[in-house]
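File shown here: my_file.cif, holding mmCIF, C-alpha atoms.
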```cif
data_upload
loop_
_atom_site.label_atom_id
_atom_site.label_comp_id
_atom_site.auth_asym_id
_atom_site.auth_seq_id
_atom_site.Cartn_x
_atom_site.Cartn_y
_atom_site.Cartn_z
CA MET A 1 -4.95 -18.36 20.25
CA TRP A 2 -3.91 -14.93 21.52
CA ARG A 3 -6.21 -12.05 20.60
CA VAL A 4 -5.48 -8.35 20.76
CA GLY A 5 -7.62 -5.97 22.80
CA THR A 6 -7.42 -2.19 22.59
CA VAL A 7 -7.83 -0.27 25.84
CA ILE A 8 -10.73 2.13 25.28
CA ALA A 9 -11.48 3.23 28.85
CA LEU A 10 -10.07 3.11 32.38
CA ARG A 11 -12.10 3.66 35.54
CA ASP A 12 -11.10 3.51 39.20
CA GLU A 13 -13.36 1.41 41.41
CA THR A 14 -11.43 1.99 44.66
CA ALA A 15 -7.99 3.36 45.51
CA ALA A 16 -6.38 0.04 44.56
CA VAL A 17 -8.76 -1.25 41.92
CA ARG A 18 -9.20 -0.25 38.29
CA THR A 19 -11.59 -1.41 35.58
CA ILE A 20 -10.17 -1.70 32.06
CA THR A 21 -12.52 -1.68 29.09
CA LEU A 22 -11.14 -3.51 26.06
CA GLU A 23 -12.36 -3.73 22.51
CA VAL A 24 -11.33 -7.16 21.23
CA SER A 25 -11.15 -7.92 17.54
CA ASN A 26 -13.13 -11.00 16.53
CA TRP A 27 -14.25 -11.59 20.12
CA SER A 28 -16.37 -14.73 20.18
CA GLY A 29 -18.48 -13.57 23.13
CA HIS A 30 -18.51 -14.95 26.66
CA VAL A 31 -20.79 -16.32 29.35
CA ALA A 32 -21.07 -14.50 32.71
CA GLY A 33 -18.47 -15.91 35.10
CA GLN A 34 -15.75 -16.76 32.59
CA HIS A 35 -12.20 -15.43 32.65
CA VAL A 36 -9.42 -14.55 30.24
CA ASP A 37 -5.65 -14.96 30.32
CA VAL A 38 -3.75 -11.70 29.86
CA ARG A 39 -0.16 -11.76 28.58
CA LEU A 40 2.37 -8.97 29.06
CA THR A 41 5.63 -9.14 27.13
CA ALA A 42 8.83 -7.20 27.92
CA SER A 43 11.06 -5.83 25.17
CA ASP A 44 13.50 -8.72 25.65
CA GLY A 45 10.74 -11.27 25.10
CA TYR A 46 10.12 -12.16 28.76
CA SER A 47 6.41 -12.60 29.31
CA ALA A 48 4.02 -13.08 32.20
CA VAL A 49 0.49 -14.47 31.97
CA ARG A 50 -2.30 -14.06 34.54
CA SER A 51 -6.00 -14.92 34.56
CA TYR A 52 -8.67 -12.29 35.24
CA SER A 53 -12.42 -12.66 35.52
CA ILE A 54 -14.57 -10.72 33.10
CA ALA A 55 -16.72 -8.16 34.94
CA SER A 56 -18.98 -7.11 32.08
CA ALA A 57 -22.07 -8.76 30.67
CA PRO A 58 -21.89 -10.38 27.24
CA ASN A 59 -22.56 -7.70 24.61
CA PRO A 60 -22.66 -7.53 20.83
CA ARG A 61 -19.93 -4.88 20.56
CA GLY A 62 -17.03 -7.15 21.48
CA LEU A 63 -16.28 -5.11 24.60
CA ILE A 64 -15.07 -6.73 27.78
CA GLU A 65 -14.30 -5.17 31.12
CA LEU A 66 -11.71 -6.52 33.53
CA THR A 67 -11.60 -5.26 37.11
CA ILE A 68 -8.09 -5.60 38.47
CA GLU A 69 -6.96 -5.25 42.07
CA ARG A 70 -3.42 -3.95 42.45
CA LEU A 71 -1.29 -6.28 44.55
CA PRO A 72 1.77 -4.61 46.09
CA ASP A 73 4.07 -7.49 45.16
CA GLY A 74 2.24 -8.40 41.97
CA GLU A 75 3.97 -8.72 38.63
CA VAL A 76 1.08 -8.00 36.29
CA SER A 77 -1.55 -6.14 38.34
CA PRO A 78 0.62 -3.04 39.09
CA TYR A 79 1.24 -2.64 35.35
CA LEU A 80 -2.43 -3.06 34.45
CA THR A 81 -3.65 -0.66 37.14
CA GLN A 82 -0.92 2.01 36.93
CA GLU A 83 0.94 1.93 33.61
CA LEU A 84 -1.72 1.03 31.09
CA VAL A 85 -3.29 3.96 29.20
CA VAL A 86 -6.14 4.31 26.74
CA GLY A 87 -5.01 3.19 23.28
CA ASP A 88 -2.58 0.52 24.55
CA LEU A 89 -2.87 -2.99 23.16
CA LEU A 90 -3.19 -6.06 25.41
CA GLU A 91 -2.88 -9.68 24.40
CA LEU A 92 -5.49 -12.02 25.80
CA ARG A 93 -6.77 -15.55 25.37
CA GLY A 94 -10.22 -16.85 26.15
CA PRO A 95 -12.93 -16.83 27.28
CA ILE A 96 -12.09 -19.74 29.58
CA GLY A 97 -14.23 -21.75 31.98
CA GLY A 98 -17.59 -23.49 31.72
CA TRP A 99 -18.58 -24.42 35.27
CA PHE A 100 -18.54 -21.18 37.27
CA VAL A 101 -20.99 -19.47 34.90
CA TRP A 102 -24.57 -18.20 34.99
CA ARG A 103 -26.56 -18.78 31.83
CA THR A 104 -29.62 -16.67 31.04
CA GLU A 105 -31.81 -19.78 30.70
CA GLN A 106 -31.34 -20.60 34.42
CA THR A 107 -34.58 -19.74 36.26
CA GLU A 108 -33.81 -20.83 39.84
CA GLN A 109 -32.95 -18.43 42.66
CA ILE A 110 -29.33 -17.36 42.54
CA GLN A 111 -27.25 -16.72 45.64
CA LEU A 112 -23.98 -14.93 45.03
CA ILE A 113 -21.43 -14.75 47.85
CA ALA A 114 -18.31 -12.66 47.29
CA GLY A 115 -15.17 -12.13 49.32
CA GLY A 116 -13.33 -8.95 48.26
CA SER A 117 -12.33 -9.00 44.59
CA GLY A 118 -14.27 -12.27 44.24
CA VAL A 119 -17.22 -10.03 43.39
CA VAL A 120 -15.92 -9.52 39.83
CA PRO A 121 -17.31 -12.65 38.07
CA LEU A 122 -20.49 -12.33 40.19
CA MET A 123 -20.95 -8.76 38.91
CA SER A 124 -20.81 -10.15 35.39
CA MET A 125 -23.69 -12.45 36.35
CA ILE A 126 -25.72 -9.58 37.83
CA ARG A 127 -25.10 -7.41 34.76
CA SER A 128 -25.97 -10.32 32.49
CA ARG A 129 -29.25 -10.85 34.39
CA ALA A 130 -30.06 -7.13 34.18
CA LEU A 131 -29.82 -7.24 30.38
CA ALA A 132 -31.53 -10.61 29.92
CA GLU A 133 -35.18 -11.45 29.59
CA SER A 134 -35.17 -13.46 32.78
CA THR A 135 -37.26 -13.90 35.88
CA ALA A 136 -34.40 -15.28 37.99
CA ARG A 137 -34.05 -13.57 41.36
CA PHE A 138 -30.60 -12.84 42.70
CA ARG A 139 -29.17 -12.14 46.12
CA LEU A 140 -25.61 -10.98 46.71
CA LEU A 141 -23.83 -11.31 50.04
CA TYR A 142 -20.66 -9.28 49.70
CA SER A 143 -17.88 -9.46 52.28
CA VAL A 144 -15.36 -6.58 52.26
CA HIS A 145 -12.79 -5.20 54.70
CA GLU A 146 -14.33 -1.73 54.92
CA PRO A 147 -16.83 0.54 53.15
CA ASP A 148 -14.20 2.13 50.89
CA ALA A 149 -13.25 -1.30 49.52
CA VAL A 150 -16.65 -1.94 47.87
CA PHE A 151 -16.54 -2.31 44.07
CA TYR A 152 -19.47 -1.15 41.87
CA LYS A 153 -21.27 0.44 44.85
CA ASP A 154 -23.44 2.95 42.98
CA GLU A 155 -24.32 0.52 40.21
CA LEU A 156 -25.33 -2.18 42.70
CA GLN A 157 -27.45 0.39 44.55
CA ALA A 158 -29.13 1.51 41.34
CA LEU A 159 -29.83 -2.04 40.19
CA SER A 160 -31.38 -3.07 43.50
CA ASP A 161 -33.44 0.14 43.68
CA SER A 162 -34.78 0.23 40.15
CA ASP A 163 -35.19 -3.31 38.95
CA GLY A 164 -35.54 -5.21 42.19
CA PHE A 165 -34.29 -8.55 40.83
CA VAL A 166 -31.25 -8.36 43.10
CA THR A 167 -30.85 -7.57 46.77
CA VAL A 168 -27.42 -6.82 48.21
CA ASP A 169 -26.18 -7.36 51.76
CA TYR A 170 -22.74 -6.23 52.86
CA VAL A 171 -20.62 -7.71 55.59
CA TYR A 172 -17.63 -5.68 56.79
CA THR A 173 -14.76 -7.64 58.29
CA ARG A 174 -12.53 -4.80 59.60
CA ALA A 175 -14.47 -1.55 59.78
CA ALA A 176 -18.24 -1.10 59.43
CA PRO A 177 -19.88 2.14 58.28
CA LYS A 178 -21.03 4.60 60.96
CA GLY A 179 -24.37 3.65 62.40
CA SER A 180 -24.04 0.03 61.33
CA ILE A 181 -25.96 -2.35 63.58
CA ARG A 182 -23.62 -5.28 63.03
CA PRO A 183 -20.07 -4.98 64.35
CA PRO A 184 -17.24 -5.92 61.95
CA GLY A 185 -16.91 -9.67 61.52
CA ARG A 186 -16.78 -12.56 59.12
CA ILE A 187 -19.72 -14.37 57.54
CA ASP A 188 -21.22 -16.75 60.11
CA ALA A 189 -24.17 -19.12 60.38
CA ALA A 190 -26.55 -16.38 61.58
CA LEU A 191 -25.69 -14.19 58.61
CA ILE A 192 -26.19 -17.10 56.21
CA ALA A 193 -29.59 -17.76 57.79
CA ASN A 194 -30.66 -14.10 57.60
CA THR A 195 -29.34 -12.96 54.23
CA THR A 196 -29.31 -15.94 51.85
CA TRP A 197 -32.02 -17.94 50.10
CA PRO A 198 -33.30 -20.78 52.29
CA ALA A 199 -32.18 -24.27 51.35
CA ASN A 200 -35.71 -25.47 50.60
CA LEU A 201 -35.86 -23.16 47.54
CA LEU A 202 -32.93 -25.10 46.04
CA PRO A 203 -30.98 -22.01 45.02
CA THR A 204 -27.75 -22.22 43.05
CA PHE A 205 -24.82 -20.72 44.94
CA TYR A 206 -21.81 -19.04 43.39
CA VAL A 207 -19.07 -18.44 45.95
CA CYS A 208 -15.94 -16.57 44.92
CA GLY A 209 -13.03 -15.31 46.99
CA SER A 210 -9.81 -16.49 48.58
CA THR A 211 -9.42 -20.20 49.21
CA SER A 212 -10.00 -19.78 52.95
CA PHE A 213 -13.11 -17.62 52.34
CA VAL A 214 -14.58 -20.15 49.93
CA GLU A 215 -13.83 -23.09 52.25
CA SER A 216 -15.45 -21.32 55.19
CA VAL A 217 -18.58 -20.18 53.32
CA ALA A 218 -19.10 -23.53 51.57
CA GLY A 219 -18.89 -25.26 54.96
CA LEU A 220 -21.56 -22.92 56.40
CA LEU A 221 -23.84 -23.50 53.41
CA ILE A 222 -23.62 -27.28 53.73
CA ALA A 223 -24.25 -26.99 57.49
CA SER A 224 -27.44 -25.07 56.58
CA SER A 225 -28.71 -28.11 54.63
CA ASN A 226 -27.80 -26.88 51.16
CA ARG A 227 -26.86 -29.51 48.62
CA PRO A 228 -23.12 -29.63 47.80
CA GLY A 229 -24.06 -30.14 44.15
CA ASN A 230 -25.77 -26.72 44.09
CA ILE A 231 -22.69 -24.85 45.35
CA ARG A 232 -20.26 -23.69 42.70
CA THR A 233 -17.00 -22.19 43.84
CA GLU A 234 -14.10 -20.28 42.39
CA ARG A 235 -10.94 -19.77 44.40
CA PHE A 236 -8.45 -17.00 43.89
CA GLY A 237 -4.84 -17.67 44.83
CA PRO A 238 -3.52 -16.83 48.32
CA THR A 239 -2.37 -13.42 47.13
CA GLY A 240 -5.64 -12.67 45.37
CA GLU A 241 -3.91 -12.68 41.97
CA ARG A 242 -4.95 -15.79 40.14
CA GLN A 243 -2.14 -18.04 39.10
CA MET B 1 4.81 -12.75 17.51
CA ALA B 2 3.98 -11.21 20.87
CA ILE B 3 3.10 -7.55 21.21
CA VAL B 4 5.60 -5.79 23.48
CA SER B 5 3.86 -4.20 26.45
CA ARG B 6 5.25 -0.66 26.57
CA GLY B 7 7.03 -0.08 29.87
CA PHE B 8 6.67 -3.66 31.17
CA SER B 9 9.81 -5.36 32.42
CA GLY B 10 8.30 -7.96 34.73
CA LYS B 11 9.47 -9.44 37.98
CA ARG B 12 11.65 -12.43 37.45
CA HIS B 13 11.30 -14.45 40.57
CA ALA B 14 14.07 -16.58 42.01
CA ALA B 15 12.10 -19.65 40.96
CA ASP B 16 12.29 -18.59 37.31
CA LYS B 17 16.05 -19.12 37.41
CA LYS B 18 15.42 -22.81 37.90
CA LEU B 19 13.24 -23.01 34.82
CA PRO B 20 14.62 -24.07 31.43
CA PRO B 21 14.11 -21.59 28.56
CA GLY B 22 10.54 -21.13 27.37
CA GLN B 23 9.03 -22.95 30.35
CA TYR B 24 6.49 -21.59 32.84
CA LEU B 25 5.85 -22.75 36.35
CA THR B 26 2.71 -24.66 37.27
CA THR B 27 1.57 -26.12 40.56
CA ASP B 28 -1.02 -28.30 38.83
CA PHE B 29 -0.13 -31.62 37.31
CA PRO B 30 -1.56 -31.44 33.80
CA VAL B 31 -2.30 -34.72 32.06
CA LEU B 32 -1.19 -35.20 28.47
CA SER B 33 -1.35 -38.63 26.83
CA ALA B 34 -1.33 -39.77 23.23
CA GLY B 35 -4.27 -42.12 23.75
CA PRO B 36 -6.65 -43.56 26.32
CA THR B 37 -5.31 -44.50 29.75
CA PRO B 38 -4.53 -48.24 29.77
CA LYS B 39 -6.05 -50.33 32.54
CA ALA B 40 -3.23 -52.48 33.85
CA SER B 41 -4.13 -54.82 36.72
CA LEU B 42 -1.46 -55.57 39.27
CA GLU B 43 -2.08 -59.33 38.92
CA ASN B 44 -1.08 -59.26 35.25
CA TRP B 45 1.50 -56.46 35.46
CA GLN B 46 4.98 -57.37 34.27
CA PHE B 47 8.16 -55.44 33.70
CA THR B 48 10.90 -56.97 31.58
CA ILE B 49 14.36 -56.09 30.34
CA ASP B 50 15.36 -57.75 27.07
CA ASP B 51 18.06 -57.46 24.44
CA GLY B 52 15.70 -57.49 21.48
CA ALA B 53 15.96 -61.25 21.09
CA LYS B 54 15.57 -62.73 24.54
CA VAL B 55 14.27 -61.73 27.94
CA LEU B 56 17.12 -60.94 30.31
CA LYS B 57 15.05 -60.36 33.42
CA LYS B 58 11.36 -60.29 34.32
CA TRP B 59 9.49 -59.00 37.38
CA ASP B 60 5.86 -59.30 38.40
CA TRP B 61 4.36 -56.68 40.70
CA LYS B 62 5.30 -58.59 43.85
CA SER B 63 8.93 -59.17 42.92
CA PHE B 64 9.25 -55.63 41.57
CA ARG B 65 7.90 -54.16 44.78
CA SER B 66 10.24 -56.28 46.87
CA LEU B 67 13.21 -54.46 45.30
CA PRO B 68 14.76 -51.67 47.38
CA SER B 69 13.06 -48.37 46.52
CA GLU B 70 14.05 -44.74 46.93
CA THR B 71 12.13 -41.55 47.68
CA PHE B 72 13.40 -38.66 45.59
CA THR B 73 12.42 -35.07 44.78
CA VAL B 74 12.85 -33.76 41.23
CA ASP B 75 11.66 -31.06 38.82
CA LEU B 76 9.51 -31.97 35.80
CA HIS B 77 9.63 -30.19 32.43
CA CYS B 78 7.00 -30.88 29.78
CA VAL B 79 7.59 -29.99 26.13
CA THR B 80 4.20 -28.23 26.17
CA ARG B 81 6.01 -25.61 28.29
CA TRP B 82 4.87 -26.27 31.84
CA SER B 83 7.36 -27.08 34.57
CA LYS B 84 6.52 -28.41 38.01
CA LEU B 85 9.17 -28.11 40.69
CA ASP B 86 10.03 -30.24 43.71
CA THR B 87 7.82 -33.23 42.99
CA THR B 88 8.35 -36.19 45.31
CA TRP B 89 8.24 -39.76 44.07
CA GLU B 90 9.04 -43.27 45.21
CA GLY B 91 10.52 -45.78 42.82
CA VAL B 92 13.20 -48.30 42.02
CA SER B 93 16.31 -46.87 40.37
CA LEU B 94 17.29 -48.13 36.93
CA ASP B 95 20.74 -48.74 38.41
CA ALA B 96 19.20 -51.36 40.69
CA LEU B 97 17.16 -52.94 37.88
CA LEU B 98 19.98 -52.97 35.34
CA SER B 99 22.46 -54.38 37.88
CA GLU B 100 20.58 -57.67 37.56
CA VAL B 101 21.41 -58.11 33.85
CA LYS B 102 24.55 -58.24 31.76
CA ILE B 103 24.65 -55.05 29.71
CA ASP B 104 25.97 -54.96 26.17
CA ALA B 105 24.27 -51.91 24.66
CA SER B 106 24.44 -48.17 24.09
CA TYR B 107 20.73 -47.33 23.77
CA VAL B 108 17.38 -48.37 25.19
CA PHE B 109 13.96 -48.59 23.59
CA VAL B 110 11.13 -48.28 26.12
CA HIS B 111 7.69 -49.89 25.64
CA SER B 112 4.51 -49.07 27.55
CA TYR B 113 1.16 -50.70 28.11
CA GLY B 114 -0.92 -48.94 25.46
CA ASP B 115 1.91 -49.24 22.92
CA TYR B 116 3.65 -45.96 23.65
CA THR B 117 7.40 -46.05 23.01
CA THR B 118 10.40 -43.78 23.52
CA ASN B 119 14.17 -44.04 23.05
CA LEU B 120 17.14 -42.91 25.14
CA PRO B 121 20.88 -43.41 25.40
CA LEU B 122 21.57 -46.06 28.03
CA ASN B 123 23.79 -43.63 29.95
CA ASP B 124 20.74 -41.45 30.69
CA LEU B 125 19.27 -44.27 32.74
CA LEU B 126 22.41 -44.84 34.83
CA ASN B 127 24.01 -43.13 37.82
CA ASN B 128 20.89 -42.31 39.79
CA LYS B 129 19.18 -40.32 37.04
CA ALA B 130 16.18 -42.58 36.29
CA TRP B 131 13.61 -44.65 38.14
CA ILE B 132 10.57 -46.83 37.68
CA ALA B 133 8.24 -44.82 39.93
CA PHE B 134 5.08 -46.15 41.58
CA ARG B 135 4.22 -43.46 44.15
CA PHE B 136 3.75 -39.71 43.66
CA ASP B 137 3.37 -37.26 46.52
CA GLY B 138 3.00 -40.10 49.02
CA LYS B 139 0.19 -41.86 47.15
CA ASP B 140 0.00 -44.74 44.69
CA LEU B 141 0.53 -43.33 41.22
CA GLU B 142 -2.79 -42.50 39.55
CA PRO B 143 -3.45 -44.21 36.20
CA GLU B 144 -3.73 -40.82 34.45
CA HIS B 145 -0.18 -40.03 35.56
CA GLY B 146 1.18 -43.41 34.49
CA GLY B 147 0.20 -45.77 37.31
CA PRO B 148 0.76 -48.39 38.41
CA ALA B 149 4.36 -47.61 37.40
CA ARG B 150 6.11 -45.27 34.99
CA LEU B 151 9.62 -44.50 33.88
CA LEU B 152 10.88 -41.22 35.30
CA VAL B 153 13.88 -39.52 33.66
CA PRO B 154 13.45 -35.99 34.98
CA HIS B 155 16.52 -34.43 33.35
CA LEU B 156 14.84 -34.86 29.94
CA TYR B 157 11.46 -33.55 28.70
CA LEU B 158 8.68 -35.56 30.25
CA TRP B 159 7.65 -37.48 27.14
CA LYS B 160 10.82 -39.54 27.68
CA SER B 161 9.40 -40.63 31.06
CA ALA B 162 7.10 -43.26 29.58
CA LYS B 163 3.88 -43.80 31.51
CA TRP B 164 2.64 -47.38 32.12
CA VAL B 165 6.11 -48.75 31.39
CA ARG B 166 6.21 -52.45 30.50
CA ARG B 167 9.52 -53.31 28.84
CA ILE B 168 12.98 -51.89 28.22
CA THR B 169 14.98 -53.23 25.29
CA LEU B 170 18.77 -52.81 25.34
CA THR B 171 20.11 -52.14 21.85
CA HIS B 172 23.20 -51.15 19.94
CA GLU B 173 21.19 -49.08 17.48
CA ASP B 174 19.19 -45.98 18.31
CA LYS B 175 15.74 -45.82 16.75
CA PRO B 176 13.05 -43.17 17.29
CA GLY B 177 10.11 -43.85 19.59
CA PHE B 178 6.54 -42.59 19.31
CA TRP B 179 6.93 -38.80 19.61
CA GLU B 180 10.46 -38.91 18.23
CA GLY B 181 8.91 -40.34 15.09
CA PHE B 182 6.50 -37.38 14.92
CA GLY B 183 9.20 -34.75 14.84
CA TYR B 184 10.08 -34.36 18.47
CA HIS B 185 13.75 -34.14 19.33
CA ASN B 186 15.63 -37.41 19.60
CA TYR B 187 17.26 -36.48 22.92
CA GLY B 188 15.02 -33.78 24.50
CA ASP B 189 17.22 -31.79 26.88
CA PRO B 190 15.00 -29.01 28.31
CA TRP B 191 18.00 -26.84 29.25
CA ARG B 192 19.05 -26.75 25.59
CA GLU B 193 15.37 -26.43 24.57
CA GLN B 194 15.54 -29.51 22.35
CA ARG B 195 11.82 -29.66 21.62
CA TYR B 196 11.83 -30.70 17.97
CA TRP B 197 14.13 -32.34 15.46
CA GLY B 198 16.84 -29.91 14.37
CA GLU B 199 16.96 -27.97 17.63
#
```

File written out as structure tokens:
Amino acid sequence: MWRVGTVIALRDETAAVRTITLEVSNWSGHVAGQHVDVRLTASDGYSAVRSYSIASAPNPRGLIELTIERLPDGEVSPYLTQELVVGDLLELRGPIGGWFVWRTEQTEQIQLIAGGSGVVPLMSMIRSRALAESTARFRLLYSVHEPDAVFYKDELQALSDSDGFVTVDYVYTRAAPKGSIRPPGRIDAALIANTTWPANLLPTFYVCGSTSFVESVAGLLIASSNRPGNIRTERFGPTGERQ
Amino acid sequence: MAIVSRGFSGKRHAADKKLPPGQYLTTDFPVLSAGPTPKASLENWQFTIDDGAKVLKKWDWKSFRSLPSETFTVDLHCVTRWSKLDTTWEGVSLDALLSEVKIDASYVFVHSYGDYTTNLPLNDLLNNKAWIAFRFDGKDLEPEHGGPARLLVPHLYLWKSAKWVRRITLTHEDKPGFWEGFGYHNYGDPWREQRYWGE
């Protein structure tokens, strides 16, 4: 069933990334990590549907936030990030997905590992934890090309400073900030050992990014004696826009 | 009725031109069946062609698999609106199977293990348009996709390609099969969007 959401706010996260806040009539609520299908329809009836992860925490107001990365050759993301204005209506279906989710009753240590825009469903989990009565401790290892490509930077800083339930480590693959000790590079075994929960704590892992990112990280986690059954993954398509 | 997205025209990719109206492209292989997946063992598997009164020809798995097979690449179109392009199968053509019987018929009625049925004009099974397929994408056909063997008639909506095929009856009279009896189109040409009766 397609629902109608009204755009009530737009916010730029980076030069190529925009967060859309939607008010959805009769929204049934969601669980952190789920996604929605968004449908755009042209005046001649042609339509295109894409899936986007929900970035916001579940809330009683029926608001959801989608953070969309603009892909140069994309069909839907350029429209959502450049054309859409406050007051527009969007059709969406969902929430969808029941495996790649964090539920507030989970008490184990949570290790989030994001590649680029893969941080979006993980941010929903962090925001959900921040609002919940929970003792679960989170760590986020966030791989980005360069400092300017980080989503939610100030909010992540504020959450880790004030509440302390989450610690955030960044890994820069192309350009590191000035003064950075670690040169640019991908996530490797040493970084897994130094920045993620040790295997003996039996953390649950949520790994989200491109297929190659997820394959690489999941391989490193298993090599570090983590149980495959504790590693949940979500793969974005090769272009980053989910098909 | 969809809400028109102001200022959206879309990018119609070259691949879309290959899609019948109202279809969207998928790279998955969704599973849709009317009932539970039948468990057919290869020891007991049989495929027969009859004329409604008597068996004209019967194969067990060994004799069926000794027939010359073909590898072919086709597009699939499901009435639930997904299309999957360039799927590669191996199977025995209906031309080869029907060449072993004397044909006096205009229609066929197809029976499956699990009691699924469907109906087609005989001509839609001839001239290299239909196969009994037993391998998909280089692997033995999974039960959920119709293994050990299914009919494949890719120029019609996929419900005509009966999974777990067991018997083909040659008839003079057309009669509706399972979905055809529930309001789906009697012929099911995706390019003419014949989804339901009356279309």

Quiz item: Written as JSON, numbers by chain, which residues does the PyMOL selection byres ((chain B and resi 89-93) around 7) give for the file shown?
Solution: {"B": [67, 68, 69, 70, 71, 72, 73, 87, 88, 94, 95, 96, 97, 128, 130, 131, 132, 133, 134, 135, 136, 137]}

Find the smallest box with edges along x, y and z containing every listed atom of region 60-73 of chain A, then add 3 Å on each side and report centre and edge lengths in Å to one decimal, as JSON.
```
{"center_x": -9.3, "center_y": -5.7, "center_z": 33.3, "size_x": 32.7, "size_y": 9.6, "size_z": 31.5}
```

Practice problem: Pick out the closest residue to Ser161 (chain B) from this set: B:Trp45, B:Phe109, B:Trp82, B:Trp61. Count all atoms listed in the file. | Solution: B:Phe109

Select from chain B every residue with an atom at most 6 Å from any atom of chain A, then for each give the shortest pair of atoms and their distance in Å to one decimal, using only C-alpha atoms, rows by chain and rising number, as JSON lines.
```
{"residue": "B:Val4", "atom": "CA", "partner": "A:Thr41", "partner_atom": "CA", "distance": 5.0}
{"residue": "B:Ser5", "atom": "CA", "partner": "A:Thr41", "partner_atom": "CA", "distance": 5.3}
{"residue": "B:Phe8", "atom": "CA", "partner": "A:Ala42", "partner_atom": "CA", "distance": 5.3}
{"residue": "B:Ser9", "atom": "CA", "partner": "A:Ala42", "partner_atom": "CA", "distance": 5.0}
{"residue": "B:Gly10", "atom": "CA", "partner": "A:Glu75", "partner_atom": "CA", "distance": 5.9}
{"residue": "B:Lys11", "atom": "CA", "partner": "A:Glu75", "partner_atom": "CA", "distance": 5.6}
```

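Near region 204-211 of chain A, within 6 Å and counting all atoms listed in the file, sit Ile110, Gln111, Leu112, Ile113, Ala114, Gly115, Gly118, Phe213, Val214, Asn230, Ile231, Arg232, Thr233, Glu234, Arg235 and Phe236 of chain A, not including residues fewer than 2 positions from it in the same chain.
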
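Using the PyMOL selection byres ((chain B and resi 76) around 10) on this structure selects Leu19, Leu25, Phe29, Thr73, Val74, Asp75, His77, Cys78, Trp82, Ser83, Lys84, Leu85, Asp86, Thr87, Leu152, Val153, Pro154, His155, Leu156, Tyr157, Leu158, Ser161 and Pro190 of chain B.
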
Exercise. Pick out the closest residue to His111 (chain B) from this set: B:Tyr184, B:Tyr196, B:Trp179, B:Trp164. Count only C-alpha atoms.
Key: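 Among the listed residues, B:Trp164 lies closest to His111 (chain B).
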
Exercise. Spell out the residues picked by the PyMOL selection byres ((chain B and resi 102) around 12) here, as JSON, numbers by chain.
Key: {"B": [49, 50, 51, 55, 56, 57, 97, 98, 99, 100, 101, 103, 104, 105, 170]}

Quiz item: Between CA of Leu122 (chain A) and CA of Ala55 (chain A), what is the spacing in Å?
Solution: 7.7 Å

Self-check item: Nearest residue to Leu141 (chain B) from the set B:Arg192, B:Lys129, B:Lys163, B:Arg6 (distances using all atoms listed in the file)
Solution: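 Residue with the minimum atom-to-atom distance to Leu141 (chain B): B:Lys163.
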
Quiz prompt | Separation of CA of Trp102 (chain A) from CA of Lys153 (chain A), in Å and rounded to one decimal | solution =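 These atoms are spaced 21.3 Å apart.
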
Quiz item: Got a sec to check which residues sit within 6 Å of (-2.5, 0.0, 40.4), counting only C-alpha atoms, and write them as a list in words?
Solution: Ala16, Arg70, Pro78, Thr81 and Gln82 of chain A

Self-check item: Residue list as an NGL selection string for point (19.9, -48.0, 24.4), cut-off 8 Å, all atoms listed in the file
Solution: :B and (105-109 or 119-122 or 169-174)

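Atom pair CA of Ala176 (chain A) / CA of Thr14 (chain A) has a distance of 16.6 Å (rounded to one decimal).
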
Atom completion result for region 4-12 of chain A (N, CA and C atoms) as a PDB file, keeping the file's coordinate frame:
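This is the output file rebuild.pdb:
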```
ATOM      1  N   VAL A   4      -5.959  -9.672  20.371  1.00  0.00           N
ATOM      2  CA  VAL A   4      -5.480  -8.350  20.760  1.00  0.00           C
ATOM      3  C   VAL A   4      -6.678  -7.486  21.151  1.00  0.00           C
ATOM      4  N   GLY A   5      -6.585  -6.901  22.341  1.00  0.00           N
ATOM      5  CA  GLY A   5      -7.620  -5.970  22.800  1.00  0.00           C
ATOM      6  C   GLY A   5      -7.034  -4.575  22.891  1.00  0.00           C
ATOM      7  N   THR A   6      -7.842  -3.589  22.497  1.00  0.00           N
ATOM      8  CA  THR A   6      -7.420  -2.190  22.590  1.00  0.00           C
ATOM      9  C   THR A   6      -8.086  -1.572  23.822  1.00  0.00           C
ATOM     10  N   VAL A   7      -7.291  -0.913  24.643  1.00  0.00           N
ATOM     11  CA  VAL A   7      -7.830  -0.270  25.840  1.00  0.00           C
ATOM     12  C   VAL A   7      -8.623   0.952  25.398  1.00  0.00           C
ATOM     13  N   ILE A   8      -9.932   0.970  25.692  1.00  0.00           N
ATOM     14  CA  ILE A   8     -10.730   2.130  25.280  1.00  0.00           C
ATOM     15  C   ILE A   8     -11.219   2.956  26.462  1.00  0.00           C
ATOM     16  N   ALA A   9     -11.120   2.422  27.685  1.00  0.00           N
ATOM     17  CA  ALA A   9     -11.480   3.230  28.850  1.00  0.00           C
ATOM     18  C   ALA A   9     -10.847   2.640  30.100  1.00  0.00           C
ATOM     19  N   LEU A  10     -10.594   3.512  31.074  1.00  0.00           N
ATOM     20  CA  LEU A  10     -10.070   3.110  32.380  1.00  0.00           C
ATOM     21  C   LEU A  10     -10.910   3.806  33.442  1.00  0.00           C
ATOM     22  N   ARG A  11     -11.221   3.082  34.508  1.00  0.00           N
ATOM     23  CA  ARG A  11     -12.100   3.660  35.540  1.00  0.00           C
ATOM     24  C   ARG A  11     -11.660   3.108  36.894  1.00  0.00           C
ATOM     25  N   ASP A  12     -11.475   3.982  37.867  1.00  0.00           N
ATOM     26  CA  ASP A  12     -11.100   3.510  39.200  1.00  0.00           C
ATOM     27  C   ASP A  12     -12.341   3.076  39.970  1.00  0.00           C
TER      28      ASP A  12
END
```
